[in-house]
Amino acid sequence: MIRLENVTKRFGDLTAVNDLSLEVGKGEVCVLIGPSGCGKTTTLRMINRLIEPTSGRILVNGQDTSRMKPEGLRRSIGYAIQSVGLFPHMTVAANIAVVPELVHWETHRIHHRVEELLQIVGLDPDEHGPKYPAELSGGQAQRVGVARALAADPPILLMDEPFGAVDPLNRMKLQGQFLRIHKELKKTVILVTHDLDEAIRLADRIAIMESGKLVQYDTPENILARPVSKFVHDFVGTDRALKRLSRIGVKSFIKPAAAIKTGAPIEEANRIIGRGRSAWLVDDGGSLTGWVDGAILRHGQSVDQAAVKAPSADIAVTESATLKEALSRMLGLGFRSLPVVDDDGCLTGELSLADIEAATSDHERL
Amino acid sequence: MKRFLAGSGLLAIVLGLLVAGCTGYNPAAKGPVVVSSKIDTEGGLLAQVIIQMLRDKGFQVTDKSQLGPTQVVRQAIISGEIDIYPEYTGNGAFFFNEADSAVWKDARLGYERVKVLDRQSNNIIWLQPAPANNTWAIAVPKALAQKENLKTLENLAAYVNRGGNIKMAASEEFVSSPAALPAFQKAYGFTLKQDQLLTLSGGNTALTEKAAAEGASGVNAAMAYGTDGSLAALGLVVLDDPRGVQPVYEPAPIVRSAIYEKYPELAGILNPVFETLTLQTLQDLNAKIAVQGQDAAAVARNYLVGKGFLK
Amino acid sequence: MNLRRWLAPDNVAVVGSIVGLGSFLLPWLNVKPNRVAAGTGLSLPDAAGGSGAAPILVLWLVCMALSFTVKGLWLRRALGLASNLVLVITLVLAGSAARSLSESAGPFSRISPDTGFWLALVACYLLIFASRRAGDASVLWRSLMSWSGLAVAAILLAAGWLNSLSIMQELAIQGDRFRAELWTHIILFAGSVAAGAAIGIPLGIMAERTRKAERPIFLITSITETVPSLALFGLLIPPLAALSFAFPALREVGIRGIGATPAIIALVIYSLLPIVRNTFVGLRGIDRGVIDAAAGIGMSPGQLFRRVKAPLAAPLVMDGVRTASVQAVGNAAVAALIGAGGLGAFIFQGFGQQAPDLILLGALPIIALAVLVDAVMNALVKLVTPRGVTRSAP
């Protein structure tokens with residue numbers, strides 16, 4: 001879909017990008033990452049010709065980009081940047097409508113598309129459409145930026161630190177949203193970031209750059225398992241094993257969990273818990289409310305006395321969490337197993353530390 | 001983009017100049033003749049006299065009176081921006097750097113000299129002057145004159161020399177020009193010390209006369225011009241100059257030779273009028289404008305009608 | 001007695017009231033036997049009689065009292081009304097007093113406002129300003145407090161109520177000349193600002209766009225700004241005179257060495273700096289991310305300029321034009337010295353004849369024009385500020 005052939009960019013004496021060759025397949029997410037000044041942003045901006053290469057070719061869908069009109073090329077490529085750059089004198093809806101208007105969509109179609117996109121990025125069209133960028137929070141603005149990039153339904157999306165200007169919590173949320181949207185829309189995405197965790201979470205393939213050269217271009221698993229040079233090895237860090245865990249979802253390792261209803265008769269509770277150390281406490285609706293201590297229960301007291309009430313937000317992880325989050329929670333709580341809940345807080349299963357260890361060593365061996 | 005910039009710039013310049021030059025251009029009448037004057041009462045009066053006479057005789061006249069100070073008006077006529085304005089014969093001494101020459105003390109000799117010089121150097125024709133010597137003078141409040149019996153500059157010299165209290169308001173030019181105060185002092189034998197002078201940078205007799213009349217800053221004498229209209233109204237008297245120290249300053253219309261050659265009848269129109277403007281007449285007319293506050297054009301018109309030059 | 005609870009002095013109002021009461025004691029009208037002689041000052045009670053002076057005194061005292069308790073909407077409104085009322089009554093009294101005084105003082109007498117009168121006007125301004133400061137939700141009341149006094153003043157002026165005052169007498173003498181010079185003044189400043197904008201805005205765009213152009217453009221405009229206006233006017237005369245002599249056709253159109261031409265050229269040069277500078281800053285100040293995004297999503301340079309840069313820079317550009325305009329109204333006064341005419345002519349004539357009323361006849365309209373132009377331009381700036389953009393300080 002996108003191919004860079006021996007692309008070089010020189011600014012006077014400085015070589016920013018040095019003989020870079022790279023191919024990104026259709027629907028793939030390619031993340032460019034590297035230390036400051038490695039040339040990743042320059043590379044990105046050469047794809048939509050905001051910067052012109054000194055030598056080499058860039059082909060989009062087999063066509064040489066240097067032969068197209070720059071404006072035409074850019075209108076067929078979505079572009080989202082860190083500072084977002086929403087037009088402050090236009091409403092959110094007008095901002096999103098810019099590219100469709102540039103390519104002369106009819107008004108009705110544009111209006112429909114704006115609504116659709118706002119919903120995709122999780123903003124209510126009636127509430128946020130007429131707002132001006134100054135009235136948006138950082139996270140909201142970033143989402144509008146993505147919506148604007150997607151407005152004319154371009155097959156390719158270029159993103160330069162698109163989640164960079166938000167706080168870490170919102171950043172995680174935005175990354176999750178990105179994955180969801182990508183699963184639905186399947187655009188070819190080239191994304192620049194300096195955050196390795198983000199790269200690992202989002203990329204199909206990661207391109208690590210150093211001083212203008214492409215050093216390794218592979219899947220995150222391969223880069224973590226087999227770094228090709230000392231630089232890459234140091235770059236990904238010595239916690240490679242942990243980093244890998246963020247690629248694996250909780251869903252792959254979830255197991256059925258023993259659950260005791262509040263107010264259940266003590267015989268039933270004993271039966272469920274057996275010789276186990278503990279079981280999870282749920283209410284009538286199945287929502288997690290704490291756990292039951294097995295030792296206290298076996299000494300013949302009521303369920304209530306053996307129950308330890310705790311909010312599910314403190315002790316559980318959601319189904320969409322990664323193993324890395326689960327491990328972090330376990331270590332924080334001192335548990336060996338963790339309940340997994342769905343979006344409503346209902347218990348759906350559990351995860352054990354042993355499973356996570358197995359996951360880590362399994363992959364190590366591959 | 002560059003073309004747009006160049007085009008808009010050019011358009012702007014052209015627009016600006018067109019706006020600047022919106023004078024009415026009427027090809028039917030004689031002229032147009034541009035009449036101007038310096039910014040003062042007498043200049044305005046004489047300009048109006050000239051304008052109304054010319055218009056009555058069928059000239060299309062552009063009124064650019066009260067144009068600016070002497071330098072600006074002089075430059076304007078030399079470069080052809082204006083065609084006629086009233087100038088003083090004695091000023092020839094400054095224009096042609098002949099301040100020491102005695103010729104300027106005589107009315108006729110001075111006039112003939114400046115007439116020749118201006119024609120030779122600047123192609124400017126001097127018409128007949130008015131018999132009014134609007135020269136530099138020293139004026140004192142009536143009360144002081146009566147008390148100390150001051151009628152002439154000789155009296156003043158005596159008063160100063162015996163230690164009388166004097167403080168004179170005058171322009172920078174009056175104080176330093178050899179033909180002015182230094183000449184008075186030399187001829188009559190007195191000297192004003194620095195603290196007996198209040199020097200202003202502009203040659204404004206209205207200001208100096210007002211200061212003397214009101215006694216501002218202790219001033220009790222003022223530089224004045226012979227035909228100033230405010231003198232009587234302010235209660236000031238001019239001290240006589242029996243030794244004839246000052247150059248003669250008679251106002252005359254001066255014309256660019258190109259215009260004069262085209263319309264030689266100008267002399268016949270203006271000379272008879274200027275002949276009637278005596279010192280007393282000019283003082284009265286100036287007073288009407290400055291003191292009574294009448295419009296210069298109306299004063300000029302009334303005078304001309306009264307004398308029969310206009311219907 | 002809980003005095004503390006009521007005490008809420010507004011400093012500006014207090015100062016205004018003090019100035020107002022002070023003005024009551026100072027000479028109010030000056031009677032001169034003729035245009036050039038010194039006059040005698042009359043106080044308000046002497047000039048307008050006890051029945052005239054009493055309401056004014058009462059109103060000043062009311063304002064003073066209100067200045068100390070201006071907490072609360074209705075007290076503010078009362079202060080605003082009272083100060084407008086003082087203004088109106090002062091003008092009414094001035095007009096009638098001048099008329100009766102001039103009848104008894106002689107045919108060439110001149111009656112002019114004296115220190116007390118002017119201070120009273122200053123006091124009114126301070127009090128109206130203070131009463132308006134805290135804002136008022138009702139548009140009706142805002143307008144009443146700001147404009148009612150001035151509106152009545154304008155009516156009085158137009159109806160000729162104030163015609164016995166010396167400045168109006170000067171105006172009557174000047175008649176058509178005043179109208180002509182006023183019109184000339186307006187053309188001088190309006191034309192030069194328009195030309196300045198037409199030249200300066202493209203220059204500012206050029207300076208922002210190319211680094212090489214930036215320095216020379218700013219160097220030239222900054223230098224010309226430091227040259228005093230009269231000097232600049234004078235410098236332009238010889239070359240223009242030479243030009244008009246070499247090309248007589250120019251003289252037919254009216255381009256000469258003196259007069260409006262050098263004046264307009266100089267005025268245009270002066271208006272360049274604020275316009276060029278504000279255009280530059282307006283464009284430079286746009287968030288780089290916005291421009292990058294606009295280019296990156298596919299706007300052509302022309303679209304980028306029209307849809308993004310121009311609307312976002314417009315408020316600052318217009319503010320530069322506003323600065324240039326107000327400046328030009330004042331600078332145009334000097335143009336009279338080189339024969340360009342304009343209201344400055346009255347100032348210099350008045351100075352030459354030592355007639356202060358003539359000076360005021362030139363100066364007051366210039367001040368009024370400047371204030372008017374500033375208000376109009378401010379409205380224009382607001383007009384071009386796009387919705388969603390807060391107007392930032394230049």
# chains A, B, ... in the order shown; residues from 1 in each chain; ligands from 1
>>> residues_around(residues="region 274-281 of chain C", least_positions_apart="3", cutoff="10 Å", atoms="only C-alpha atoms", output="MDAnalysis selection string")
chainID C and resid 193 196:209 214 217:218 221:222 225 270:271 284:286 310 313:325 327 394
>>> write_last_selection(atoms="C-alpha atoms", output="mmCIF file, in the first residue's frame")
data_model
loop_
_atom_site.group_PDB
_atom_site.id
_atom_site.type_symbol
_atom_site.label_atom_id
_atom_site.label_comp_id
_atom_site.auth_asym_id
_atom_site.auth_seq_id
_atom_site.Cartn_x
_atom_site.Cartn_y
_atom_site.Cartn_z
ATOM 1 C CA VAL C 193 -5.007 55.212 5.972
ATOM 2 C CA GLY C 196 -1.533 52.763 3.918
ATOM 3 C CA ALA C 197 -3.614 49.639 4.377
ATOM 4 C CA ALA C 198 -3.517 48.836 0.681
ATOM 5 C CA ILE C 199 0.284 49.051 0.738
ATOM 6 C CA GLY C 200 0.956 47.939 4.291
ATOM 7 C CA ILE C 201 -1.090 44.768 4.458
ATOM 8 C CA PRO C 202 0.624 43.190 1.450
ATOM 9 C CA LEU C 203 3.964 44.349 2.863
ATOM 10 C CA GLY C 204 3.171 42.687 6.164
ATOM 11 C CA ILE C 205 2.187 39.499 4.392
ATOM 12 C CA MET C 206 5.448 39.589 2.457
ATOM 13 C CA ALA C 207 7.490 40.212 5.582
ATOM 14 C CA GLU C 208 5.910 37.271 7.344
ATOM 15 C CA ARG C 209 6.286 34.963 4.418
ATOM 16 C CA GLU C 214 11.297 40.861 6.959
ATOM 17 C CA ILE C 217 10.662 46.134 5.580
ATOM 18 C CA PHE C 218 10.725 46.650 9.312
ATOM 19 C CA THR C 221 9.029 51.503 8.449
ATOM 20 C CA SER C 222 10.645 51.922 11.867
ATOM 21 C CA GLU C 225 8.254 56.458 12.201
ATOM 22 C CA TYR C 270 3.332 57.020 8.997
ATOM 23 C CA SER C 271 0.401 54.671 8.835
ATOM 24 C CA ARG C 284 2.916 34.986 12.905
ATOM 25 C CA GLY C 285 0.766 34.592 15.966
ATOM 26 C CA ILE C 286 -1.363 31.889 14.435
ATOM 27 C CA ALA C 310 -6.882 35.671 6.833
ATOM 28 C CA ALA C 313 -5.160 37.377 11.499
ATOM 29 C CA ALA C 314 -7.978 39.785 10.677
ATOM 30 C CA PRO C 315 -8.635 41.129 14.191
ATOM 31 C CA LEU C 316 -5.015 42.141 14.691
ATOM 32 C CA VAL C 317 -4.711 43.582 11.203
ATOM 33 C CA MET C 318 -7.819 45.656 11.745
ATOM 34 C CA ASP C 319 -6.459 46.792 15.087
ATOM 35 C CA GLY C 320 -3.363 48.018 13.291
ATOM 36 C CA VAL C 321 -5.562 49.982 10.930
ATOM 37 C CA ARG C 322 -7.321 51.402 13.945
ATOM 38 C CA THR C 323 -4.044 52.569 15.479
ATOM 39 C CA ALA C 324 -2.993 54.052 12.160
ATOM 40 C CA SER C 325 -6.322 55.860 11.790
ATOM 41 C CA GLN C 327 -2.686 58.471 14.634
ATOM 42 C CA PRO C 394 -1.759 42.861 20.571
#
>>> select_by_dssp(residues="region 78-279 of chain B", states="strand (DSSP E)", output="number ranges by chain")
B: 84-88, 124-126, 136-141, 168-171, 197-200, 221-225, 236-238, 251-256
>>> residues_around(residues="Ala130 (chain B)", least_positions_apart="2", cutoff="12 Å", atoms="only C-alpha atoms", output="PyMOL selection string")
chain B and resi 46+86-89+107-108+111+126-128+132-134+227+248-253+270-282
>>> residues_around(residues="Leu171 (chain C)", least_positions_apart="4", cutoff="10 Å", atoms="only C-alpha atoms", output="PyMOL selection string")
chain C and resi 163+166-167+175-179+357-358+361-362
>>> write_last_selection(atoms="N, CA and C atoms", output="mmCIF file, in the first residue's frame")
data_model
loop_
_atom_site.group_PDB
_atom_site.id
_atom_site.type_symbol
_atom_site.label_atom_id
_atom_site.label_comp_id
_atom_site.auth_asym_id
_atom_site.auth_seq_id
_atom_site.Cartn_x
_atom_site.Cartn_y
_atom_site.Cartn_z
ATOM 1 N N ASN C 163 -24.564 79.586 20.438
ATOM 2 C CA ASN C 163 -23.935 80.440 19.433
ATOM 3 C C ASN C 163 -23.297 81.706 19.957
ATOM 4 N N SER C 166 -17.705 82.283 22.219
ATOM 5 C CA SER C 166 -16.725 82.794 21.264
ATOM 6 C C SER C 166 -16.330 81.775 20.212
ATOM 7 N N ILE C 167 -16.203 80.510 20.634
ATOM 8 C CA ILE C 167 -15.754 79.530 19.656
ATOM 9 C C ILE C 167 -16.804 79.368 18.555
ATOM 10 N N GLY C 175 -17.361 79.879 8.718
ATOM 11 C CA GLY C 175 -18.423 79.349 7.868
ATOM 12 C C GLY C 175 -18.000 78.215 6.955
ATOM 13 N N ASP C 176 -18.052 78.510 5.635
ATOM 14 C CA ASP C 176 -17.763 77.471 4.665
ATOM 15 C C ASP C 176 -16.354 76.951 4.790
ATOM 16 N N ARG C 177 -15.478 77.853 5.233
ATOM 17 C CA ARG C 177 -14.075 77.421 5.328
ATOM 18 C C ARG C 177 -13.938 76.258 6.296
ATOM 19 N N PHE C 178 -14.735 76.301 7.391
ATOM 20 C CA PHE C 178 -14.663 75.215 8.370
ATOM 21 C C PHE C 178 -15.104 73.907 7.742
ATOM 22 N N ARG C 179 -16.222 73.959 7.043
ATOM 23 C CA ARG C 179 -16.721 72.754 6.413
ATOM 24 C C ARG C 179 -15.682 72.208 5.435
ATOM 25 N N ASP C 357 -9.664 80.897 20.621
ATOM 26 C CA ASP C 357 -10.885 80.244 20.146
ATOM 27 C C ASP C 357 -10.679 79.620 18.781
ATOM 28 N N LEU C 358 -9.834 80.264 17.992
ATOM 29 C CA LEU C 358 -9.551 79.701 16.675
ATOM 30 C C LEU C 358 -8.767 78.401 16.837
ATOM 31 N N LEU C 361 -11.118 75.847 17.766
ATOM 32 C CA LEU C 361 -11.951 75.493 16.617
ATOM 33 C C LEU C 361 -11.277 74.415 15.785
ATOM 34 N N GLY C 362 -9.950 74.430 15.800
ATOM 35 C CA GLY C 362 -9.234 73.366 15.108
ATOM 36 C C GLY C 362 -9.052 72.138 15.968
#
>>> closest_residue(among="C:Thr261, C:Asn84, C:Ser148, C:Thr385", to="chain B", atoms="only C-alpha atoms")
C:Thr261
>>> residues_around(residues="Ser201 (chain B)", least_positions_apart="5", cutoff="8 Å", atoms="only C-alpha atoms", output="list in words")
Ser171, Glu172 and Glu173 of chain B
>>> atom_distance(atom1="CA of Leu119 (chain C)", atom2="CA of Ala65 (chain C)")
19.2 Å
>>> interface_residues(of="chain C", to="chain A", cutoff="9 Å", atoms="only C-alpha atoms", output="ChimeraX atom specification")
/C:287-300,308,311-312,385-390
>>> write_last_selection(atoms="N, CA and C atoms", output="compact mmCIF listing (two decimals), in the first residue's frame")
# COMPACT_ATOMS: atom_id res chain seq x y z
N ASP C 287 -1.29 29.79 15.64
CA ASP C 287 -0.73 28.53 16.10
C ASP C 287 -0.17 27.75 14.92
N ARG C 288 1.13 27.39 15.02
CA ARG C 288 1.76 26.68 13.90
C ARG C 288 1.06 25.37 13.59
N GLY C 289 0.51 24.78 14.65
CA GLY C 289 -0.17 23.49 14.46
C GLY C 289 -1.38 23.63 13.55
N VAL C 290 -2.08 24.76 13.70
CA VAL C 290 -3.25 24.99 12.87
C VAL C 290 -2.86 25.06 11.40
N ILE C 291 -1.77 25.78 11.13
CA ILE C 291 -1.32 25.91 9.74
C ILE C 291 -0.82 24.58 9.20
N ASP C 292 -0.08 23.84 10.05
CA ASP C 292 0.41 22.54 9.61
C ASP C 292 -0.75 21.61 9.30
N ALA C 293 -1.76 21.63 10.19
CA ALA C 293 -2.90 20.76 9.97
C ALA C 293 -3.62 21.14 8.69
N ALA C 294 -3.79 22.45 8.49
CA ALA C 294 -4.50 22.90 7.29
C ALA C 294 -3.78 22.44 6.03
N ALA C 295 -2.46 22.60 6.02
CA ALA C 295 -1.71 22.16 4.84
C ALA C 295 -1.76 20.65 4.72
N GLY C 296 -1.61 19.96 5.85
CA GLY C 296 -1.53 18.51 5.83
C GLY C 296 -2.82 17.83 5.40
N ILE C 297 -3.96 18.47 5.69
CA ILE C 297 -5.20 17.80 5.28
C ILE C 297 -5.57 18.15 3.85
N GLY C 298 -4.79 19.01 3.20
CA GLY C 298 -4.97 19.18 1.77
C GLY C 298 -5.44 20.53 1.29
N MET C 299 -5.28 21.60 2.11
CA MET C 299 -5.63 22.93 1.57
C MET C 299 -4.49 23.44 0.70
N SER C 300 -4.86 24.06 -0.43
CA SER C 300 -3.83 24.69 -1.26
C SER C 300 -3.38 25.97 -0.55
N VAL C 308 -7.99 30.16 6.50
CA VAL C 308 -7.41 30.00 7.83
C VAL C 308 -6.64 31.26 8.25
N PRO C 311 -8.83 34.94 8.18
CA PRO C 311 -9.79 35.18 9.27
C PRO C 311 -9.13 35.24 10.63
N LEU C 312 -8.08 34.44 10.84
CA LEU C 312 -7.46 34.43 12.16
C LEU C 312 -6.59 35.66 12.40
N THR C 385 -13.60 39.85 14.14
CA THR C 385 -13.11 38.76 14.99
C THR C 385 -14.04 37.57 14.83
N PRO C 386 -13.51 36.43 14.38
CA PRO C 386 -14.40 35.30 14.14
C PRO C 386 -14.93 34.73 15.46
N ARG C 387 -16.12 34.18 15.39
CA ARG C 387 -16.68 33.53 16.56
C ARG C 387 -15.78 32.40 16.99
N GLY C 388 -15.71 32.18 18.29
CA GLY C 388 -14.88 31.08 18.74
C GLY C 388 -13.46 31.50 19.02
N VAL C 389 -13.12 32.75 18.63
CA VAL C 389 -11.76 33.22 18.89
C VAL C 389 -11.84 34.36 19.88
N THR C 390 -11.13 34.22 21.00
CA THR C 390 -11.14 35.33 21.96
C THR C 390 -10.11 36.35 21.52
